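*Asks:* Please see the structure below; I have some questions.
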Amino acid sequence: MTGFDTLTDILGARYSCRAFRSDPVPRDTVERIVTAACRVPSWCNAQPWQAIITDAAETDRFREALFAHAQANNSQPDLDWPKQYVGRYKDRRRACGWQLYEAVGIEKGDRAASMAQMMENFRLFGAPHVAILTSEADLGTYGVMDCGGFIAGFCLAAQALGVATIPQAAIAGHGRFVHEFFDIPDSRLVIAAISFGFEDADHPANRFRTTRAPLDEVIDWRAG
Ligand SMILES: Cc1cc2nc3c(=O)[nH]c(=O)nc-3n(C[C@H](O)[C@H](O)[C@H](O)COP(=O)(O)O)c2cc1C
């Protein structure tokens, strides 16, 4: 087994988990995940990421407050939301949405059920922990980009230790609320959250896997 095989196994096994068991992840496991994730590159080695990580009791406190907030308030993100999804991006977004709805038995056009499933974001899909990721605002777009690398590193390191994850922009959508709840200064941007814990393997929401575009939609070879 080569290092590449090991890496691609981990990359292939990771998926976004949308139903968790309630048992917590030991703190030393979380520290191993974060230590590994911190090995990703960043411009000038600035390492702009910081993570507020909640224990089970604090996760519950946040979950309850966030759900109530999201029911009653529009989003107020720190980052610009995507302007639009058109063409292949719209198709891919739809496809993974339908996969989820099909897995949990939501019929096309059932808006109430789709909305209820979307609101599960604000219950953190039942995860016992959440990592709130922030970046230094002064580092701008590249700081945010570095944090994207950190998210990937976190999810892969977690997968390697048997811990399931889901990155969630939905939480960052309520960035103003997150700032206030966790007392985050405006000098830091709320990028995303990662809910994590042990997967509920029997839950239908965890029974589908997304696809990836063929390589010719990714690589544009140029030969001299
Ligand atoms: C930055 C980022 C934000 C995401 N936000 C959400 C979210 O708010 N809610 C959600 O259900 N999934 C979210 N996802 C998960 C994506 O839907 C998922 O990664 C994608 O469909 C590919 O599926 P996979 O992770 O299972 O391979 C997010 C992923 C990333 C990387």
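Chains: A, B, ... in order of the structure tokens. Residues: from 1 per chain. Ligands: from 1, in order shown.
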DSSP on the backbone, then: every residue of region 125-185 of chain A marked alpha helix (DSSP H), written as number ranges by chain.
*Replies:* A: 140-160, 169-172, 175-182
*Asks:* How would the residues just chosen look if you wrote them out with N, CA and C atoms as a compact mmCIF listing (two decimals), in the first residue's frame?
*Replies:*
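The new file out_28.txt reads:
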```txt
# COMPACT_ATOMS: atom_id res chain seq x y z
N GLY A 140 -8.01 39.07 4.08
CA GLY A 140 -8.88 39.09 2.90
C GLY A 140 -9.15 37.74 2.27
N THR A 141 -9.33 37.78 0.95
CA THR A 141 -9.72 36.58 0.21
C THR A 141 -8.72 35.44 0.37
N TYR A 142 -7.43 35.78 0.40
CA TYR A 142 -6.43 34.71 0.51
C TYR A 142 -6.44 34.07 1.90
N GLY A 143 -6.76 34.84 2.91
CA GLY A 143 -6.93 34.24 4.24
C GLY A 143 -8.08 33.25 4.24
N VAL A 144 -9.17 33.64 3.57
CA VAL A 144 -10.34 32.75 3.46
C VAL A 144 -9.95 31.49 2.69
N MET A 145 -9.17 31.69 1.62
CA MET A 145 -8.72 30.55 0.82
C MET A 145 -7.89 29.58 1.68
N ASP A 146 -6.98 30.14 2.48
CA ASP A 146 -6.17 29.30 3.37
C ASP A 146 -7.06 28.50 4.32
N CYS A 147 -8.13 29.13 4.79
CA CYS A 147 -9.05 28.44 5.70
C CYS A 147 -9.79 27.31 4.98
N GLY A 148 -10.02 27.47 3.67
CA GLY A 148 -10.62 26.39 2.89
C GLY A 148 -9.73 25.16 2.91
N GLY A 149 -8.43 25.41 2.79
CA GLY A 149 -7.47 24.30 2.89
C GLY A 149 -7.55 23.64 4.26
N PHE A 150 -7.70 24.47 5.28
CA PHE A 150 -7.80 23.94 6.64
C PHE A 150 -9.04 23.05 6.79
N ILE A 151 -10.15 23.49 6.19
CA ILE A 151 -11.38 22.69 6.26
C ILE A 151 -11.14 21.30 5.66
N ALA A 152 -10.50 21.29 4.48
CA ALA A 152 -10.22 20.00 3.83
C ALA A 152 -9.30 19.15 4.71
N GLY A 153 -8.27 19.78 5.26
CA GLY A 153 -7.34 19.04 6.13
C GLY A 153 -8.05 18.48 7.35
N PHE A 154 -8.93 19.27 7.93
CA PHE A 154 -9.68 18.84 9.13
C PHE A 154 -10.55 17.63 8.79
N CYS A 155 -11.30 17.74 7.69
CA CYS A 155 -12.23 16.66 7.34
C CYS A 155 -11.49 15.36 7.03
N LEU A 156 -10.35 15.49 6.36
CA LEU A 156 -9.60 14.28 6.00
C LEU A 156 -8.92 13.67 7.21
N ALA A 157 -8.34 14.51 8.07
CA ALA A 157 -7.70 13.99 9.28
C ALA A 157 -8.75 13.31 10.17
N ALA A 158 -9.93 13.92 10.26
CA ALA A 158 -11.01 13.33 11.05
C ALA A 158 -11.39 11.97 10.47
N GLN A 159 -11.56 11.93 9.14
CA GLN A 159 -11.92 10.66 8.49
C GLN A 159 -10.90 9.57 8.82
N ALA A 160 -9.62 9.94 8.79
CA ALA A 160 -8.55 8.97 9.06
C ALA A 160 -8.64 8.42 10.49
N ALA A 169 -21.57 26.03 5.44
CA ALA A 169 -21.67 27.47 5.19
C ALA A 169 -22.96 28.01 5.80
N ALA A 170 -23.96 27.14 5.95
CA ALA A 170 -25.25 27.59 6.48
C ALA A 170 -25.07 28.29 7.83
N ILE A 171 -24.14 27.82 8.63
CA ILE A 171 -23.92 28.43 9.96
C ILE A 171 -23.29 29.81 9.78
N ALA A 172 -22.33 29.89 8.84
CA ALA A 172 -21.69 31.18 8.57
C ALA A 172 -22.69 32.18 8.01
N GLY A 175 -23.65 34.66 10.43
CA GLY A 175 -22.37 35.10 11.02
C GLY A 175 -22.52 36.12 12.13
N ARG A 176 -23.45 37.06 11.96
CA ARG A 176 -23.63 38.11 12.99
C ARG A 176 -24.01 37.48 14.33
N PHE A 177 -24.95 36.53 14.25
CA PHE A 177 -25.39 35.82 15.46
C PHE A 177 -24.22 35.04 16.07
N VAL A 178 -23.43 34.39 15.21
CA VAL A 178 -22.30 33.58 15.69
C VAL A 178 -21.28 34.48 16.39
N HIS A 179 -21.03 35.67 15.80
CA HIS A 179 -20.13 36.64 16.45
C HIS A 179 -20.61 36.94 17.88
N GLU A 180 -21.90 37.20 17.99
CA GLU A 180 -22.43 37.61 19.29
C GLU A 180 -22.43 36.44 20.27
N PHE A 181 -22.82 35.27 19.80
CA PHE A 181 -22.92 34.10 20.69
C PHE A 181 -21.56 33.74 21.28
N PHE A 182 -20.52 33.76 20.42
CA PHE A 182 -19.19 33.32 20.88
C PHE A 182 -18.25 34.50 21.17
```
*Asks:* Using only C-alpha atoms and all ligand atoms, tabulate the residues of chain A lying at most 8 Å from any atom of ligand 1, each with its closest atom pair and that distance in Å to one decimal, by chain and increasing residue number, as JSON lines.
*Replies:*
```
{"residue": "A:Arg14", "atom": "CA", "partner": "ligand 1", "partner_atom_place_in_ligand_line": "27 (O)", "distance": 6.6}
{"residue": "A:Tyr15", "atom": "CA", "partner": "ligand 1", "partner_atom_place_in_ligand_line": "26 (O)", "distance": 3.6}
{"residue": "A:Ser16", "atom": "CA", "partner": "ligand 1", "partner_atom_place_in_ligand_line": "26 (O)", "distance": 3.9}
{"residue": "A:Cys17", "atom": "CA", "partner": "ligand 1", "partner_atom_place_in_ligand_line": "26 (O)", "distance": 7.0}
{"residue": "A:Arg18", "atom": "CA", "partner": "ligand 1", "partner_atom_place_in_ligand_line": "11 (O)", "distance": 6.9}
{"residue": "A:Arg93", "atom": "CA", "partner": "ligand 1", "partner_atom_place_in_ligand_line": "21 (O)", "distance": 7.4}
{"residue": "A:Cys96", "atom": "CA", "partner": "ligand 1", "partner_atom_place_in_ligand_line": "21 (O)", "distance": 5.6}
{"residue": "A:Gly97", "atom": "CA", "partner": "ligand 1", "partner_atom_place_in_ligand_line": "21 (O)", "distance": 7.8}
{"residue": "A:Met118", "atom": "CA", "partner": "ligand 1", "partner_atom_place_in_ligand_line": "11 (O)", "distance": 7.3}
{"residue": "A:Asn121", "atom": "CA", "partner": "ligand 1", "partner_atom_place_in_ligand_line": "9 (N)", "distance": 5.9}
{"residue": "A:Gly148", "atom": "CA", "partner": "ligand 1", "partner_atom_place_in_ligand_line": "1 (C)", "distance": 6.8}
{"residue": "A:Ile151", "atom": "CA", "partner": "ligand 1", "partner_atom_place_in_ligand_line": "31 (C)", "distance": 7.3}
{"residue": "A:Ala152", "atom": "CA", "partner": "ligand 1", "partner_atom_place_in_ligand_line": "31 (C)", "distance": 7.5}
{"residue": "A:Ile166", "atom": "CA", "partner": "ligand 1", "partner_atom_place_in_ligand_line": "15 (C)", "distance": 6.0}
{"residue": "A:Pro167", "atom": "CA", "partner": "ligand 1", "partner_atom_place_in_ligand_line": "28 (C)", "distance": 4.6}
{"residue": "A:Gln168", "atom": "CA", "partner": "ligand 1", "partner_atom_place_in_ligand_line": "5 (N)", "distance": 3.4}
{"residue": "A:Ala169", "atom": "CA", "partner": "ligand 1", "partner_atom_place_in_ligand_line": "5 (N)", "distance": 3.9}
{"residue": "A:Ala170", "atom": "CA", "partner": "ligand 1", "partner_atom_place_in_ligand_line": "8 (O)", "distance": 3.6}
{"residue": "A:Ile171", "atom": "CA", "partner": "ligand 1", "partner_atom_place_in_ligand_line": "8 (O)", "distance": 6.5}
{"residue": "A:Ala192", "atom": "CA", "partner": "ligand 1", "partner_atom_place_in_ligand_line": "1 (C)", "distance": 6.4}
{"residue": "A:Ala193", "atom": "CA", "partner": "ligand 1", "partner_atom_place_in_ligand_line": "3 (C)", "distance": 7.9}
{"residue": "A:Phe208", "atom": "CA", "partner": "ligand 1", "partner_atom_place_in_ligand_line": "26 (O)", "distance": 8.0}
{"residue": "A:Arg209", "atom": "CA", "partner": "ligand 1", "partner_atom_place_in_ligand_line": "26 (O)", "distance": 5.7}
{"residue": "A:Thr210", "atom": "CA", "partner": "ligand 1", "partner_atom_place_in_ligand_line": "23 (O)", "distance": 5.1}
{"residue": "A:Thr211", "atom": "CA", "partner": "ligand 1", "partner_atom_place_in_ligand_line": "27 (O)", "distance": 7.5}
```
*Asks:* Do a neighbour search on Gly105 (chain A) at 12 Å with only C-alpha atoms, toss out local chain neighbours closer than 4 positions, and write the hits as number ranges by chain.
*Replies:* A: 98-101, 110, 113-114, 117, 203-205, 207
*Asks:* Next, write the just-selected residues to a file, as a compact mmCIF listing (two decimals), in the first residue's frame, keeping C-alpha atoms as the atom set.
*Replies:*
```txt
# COMPACT_ATOMS: atom_id res chain seq x y z
CA TRP A 98 -31.94 15.56 -5.00
CA GLN A 99 -29.66 12.80 -3.77
CA LEU A 100 -30.20 13.96 -0.21
CA TYR A 101 -33.97 14.38 -0.62
CA ASP A 110 -42.61 18.98 -1.06
CA ALA A 113 -40.25 18.72 3.99
CA SER A 114 -37.33 20.27 2.04
CA GLN A 117 -34.43 19.09 6.08
CA HIS A 203 -29.53 7.04 9.06
CA PRO A 204 -30.84 7.42 5.47
CA ALA A 205 -29.25 10.89 5.14
CA ARG A 207 -26.64 6.58 2.64
```
*Asks:* As a PyMOL selection string, please: every residue in chain A that a backbone DSSP assignment puts in strand (DSSP E or B).
*Replies:* chain A and resi 16+20+50-53+129-136+164-168+188-197+199
*Asks:* Would you mind telling me which residue in A:Gln50, A:Ser22, A:Thr29, A:Thr59 lies nearest to Leu161 (chain A) when using only C-alpha atoms?
*Replies:* A:Thr29
*Asks:* Between CA of Gln84 (chain A) and CA of Met119 (chain A), what is the distance in Å, rounded to a tenth?
*Replies:*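 Separation between CA of Gln84 (chain A) and CA of Met119 (chain A): 21.2 Å.
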*Asks:* I need the residue nearest Phe122 (chain A) from this list: A:Val40, A:Ala57, A:Leu66, A:Ala137. Use only C-alpha atoms for the distance.
*Replies:* A:Leu66
*Asks:* With only C-alpha atoms as the atoms that count, which of A:Phe125, A:Tyr89, A:Phe62, A:Trp49 lies nearest to Glu217 (chain A)?
*Replies:*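 When distances to Glu217 (chain A) are compared using only C-alpha atoms, the smallest one comes from A:Tyr89.
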*Asks:* As an exercise, work out the distance from CA of Gly173 (chain A) to CA of Pro77 (chain A) in Å and give it to one decimal place.
*Replies:* 4.3 Å
*Asks:* I want to know what sits within 7 Å of region 194-201 of chain A, based on only C-alpha atoms, with residues of the same chain fewer than 6 positions away left out; could you give that as a ChimeraX atom specification?
*Replies:* /A:17,19-21,24-25,124,127-132,163-168
*Asks:* Write a file of the selected residues as a PDB file, in the first residue's frame, keeping N, CA and C atoms.
*Replies:*
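The file below, result_23.pdb, is the result:
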```
ATOM      1  N   CYS A  17     -21.427  14.126   6.482  1.00  0.00           N
ATOM      2  CA  CYS A  17     -22.309  13.347   7.357  1.00  0.00           C
ATOM      3  C   CYS A  17     -23.473  14.233   7.817  1.00  0.00           C
ATOM      4  N   ALA A  19     -26.109  12.995   9.882  1.00  0.00           N
ATOM      5  CA  ALA A  19     -26.768  12.421  11.073  1.00  0.00           C
ATOM      6  C   ALA A  19     -25.660  11.801  11.926  1.00  0.00           C
ATOM      7  N   PHE A  20     -25.588  12.247  13.172  1.00  0.00           N
ATOM      8  CA  PHE A  20     -24.499  11.827  14.059  1.00  0.00           C
ATOM      9  C   PHE A  20     -25.059  11.093  15.276  1.00  0.00           C
ATOM     10  N   ARG A  21     -24.207  10.236  15.860  1.00  0.00           N
ATOM     11  CA  ARG A  21     -24.516   9.689  17.185  1.00  0.00           C
ATOM     12  C   ARG A  21     -24.225  10.782  18.207  1.00  0.00           C
ATOM     13  N   PRO A  24     -19.651  11.794  22.508  1.00  0.00           N
ATOM     14  CA  PRO A  24     -18.635  12.789  22.158  1.00  0.00           C
ATOM     15  C   PRO A  24     -17.333  12.168  21.652  1.00  0.00           C
ATOM     16  N   VAL A  25     -16.546  13.001  20.989  1.00  0.00           N
ATOM     17  CA  VAL A  25     -15.215  12.609  20.508  1.00  0.00           C
ATOM     18  C   VAL A  25     -14.210  13.005  21.597  1.00  0.00           C
ATOM     19  N   LEU A 124     -27.298  21.275  13.611  1.00  0.00           N
ATOM     20  CA  LEU A 124     -25.948  20.708  13.440  1.00  0.00           C
ATOM     21  C   LEU A 124     -26.042  19.203  13.177  1.00  0.00           C
ATOM     22  N   ALA A 127     -24.893  16.655  15.693  1.00  0.00           N
ATOM     23  CA  ALA A 127     -23.476  16.417  16.045  1.00  0.00           C
ATOM     24  C   ALA A 127     -23.197  16.846  17.491  1.00  0.00           C
ATOM     25  N   PRO A 128     -22.298  16.116  18.173  1.00  0.00           N
ATOM     26  CA  PRO A 128     -21.945  16.488  19.550  1.00  0.00           C
ATOM     27  C   PRO A 128     -20.939  17.639  19.627  1.00  0.00           C
ATOM     28  N   HIS A 129     -20.352  18.009  18.472  1.00  0.00           N
ATOM     29  CA  HIS A 129     -19.340  19.085  18.468  1.00  0.00           C
ATOM     30  C   HIS A 129     -19.503  19.944  17.222  1.00  0.00           C
ATOM     31  N   VAL A 130     -19.109  21.203  17.366  1.00  0.00           N
ATOM     32  CA  VAL A 130     -18.992  22.046  16.174  1.00  0.00           C
ATOM     33  C   VAL A 130     -17.707  22.861  16.292  1.00  0.00           C
ATOM     34  N   ALA A 131     -17.021  23.009  15.149  1.00  0.00           N
ATOM     35  CA  ALA A 131     -15.855  23.897  15.067  1.00  0.00           C
ATOM     36  C   ALA A 131     -16.295  25.121  14.269  1.00  0.00           C
ATOM     37  N   ILE A 132     -16.199  26.290  14.883  1.00  0.00           N
ATOM     38  CA  ILE A 132     -16.525  27.539  14.186  1.00  0.00           C
ATOM     39  C   ILE A 132     -15.209  28.098  13.668  1.00  0.00           C
ATOM     40  N   VAL A 163     -13.710   9.761  12.488  1.00  0.00           N
ATOM     41  CA  VAL A 163     -14.635  10.810  12.920  1.00  0.00           C
ATOM     42  C   VAL A 163     -15.294  11.418  11.685  1.00  0.00           C
ATOM     43  N   ALA A 164     -16.601  11.543  11.716  1.00  0.00           N
ATOM     44  CA  ALA A 164     -17.359  12.068  10.575  1.00  0.00           C
ATOM     45  C   ALA A 164     -17.526  13.582  10.714  1.00  0.00           C
ATOM     46  N   THR A 165     -17.630  14.249   9.563  1.00  0.00           N
ATOM     47  CA  THR A 165     -17.674  15.722   9.544  1.00  0.00           C
ATOM     48  C   THR A 165     -18.679  16.215   8.510  1.00  0.00           C
ATOM     49  N   ILE A 166     -19.098  17.450   8.680  1.00  0.00           N
ATOM     50  CA  ILE A 166     -19.754  18.177   7.583  1.00  0.00           C
ATOM     51  C   ILE A 166     -19.394  19.656   7.694  1.00  0.00           C
ATOM     52  N   PRO A 167     -18.746  20.197   6.639  1.00  0.00           N
ATOM     53  CA  PRO A 167     -18.544  21.657   6.617  1.00  0.00           C
ATOM     54  C   PRO A 167     -19.904  22.309   6.382  1.00  0.00           C
ATOM     55  N   GLN A 168     -20.153  23.435   7.020  1.00  0.00           N
ATOM     56  CA  GLN A 168     -21.464  24.091   6.884  1.00  0.00           C
ATOM     57  C   GLN A 168     -21.319  25.599   6.689  1.00  0.00           C
TER      58      GLN A 168
END
```
*Asks:* Write out as an MDAnalysis selection string the residues lying within 12 Å of Arg88 (chain A), counting only C-alpha atoms and excluding same-chain residues fewer than 6 positions away.
*Replies:* chainID A and resid 94:95 212:213 217
*Asks:* Mind pulling up the distance from CA of Leu133 (chain A) to CA of His174 (chain A)?
*Replies:* 13.1 Å
*Asks:* So which one's closest to Asp60 (chain A), A:Asp23, A:Ala103, A:Met1, A:Arg123? Using only C-alpha atoms, please.
*Replies:* A:Arg123
*Asks:* In terms of the shortest atom-to-atom distance over only C-alpha atoms, which of A:Leu139, A:Ile10, A:Ala70, A:Ile184 is closest to Met115 (chain A)?
*Replies:* A:Ala70
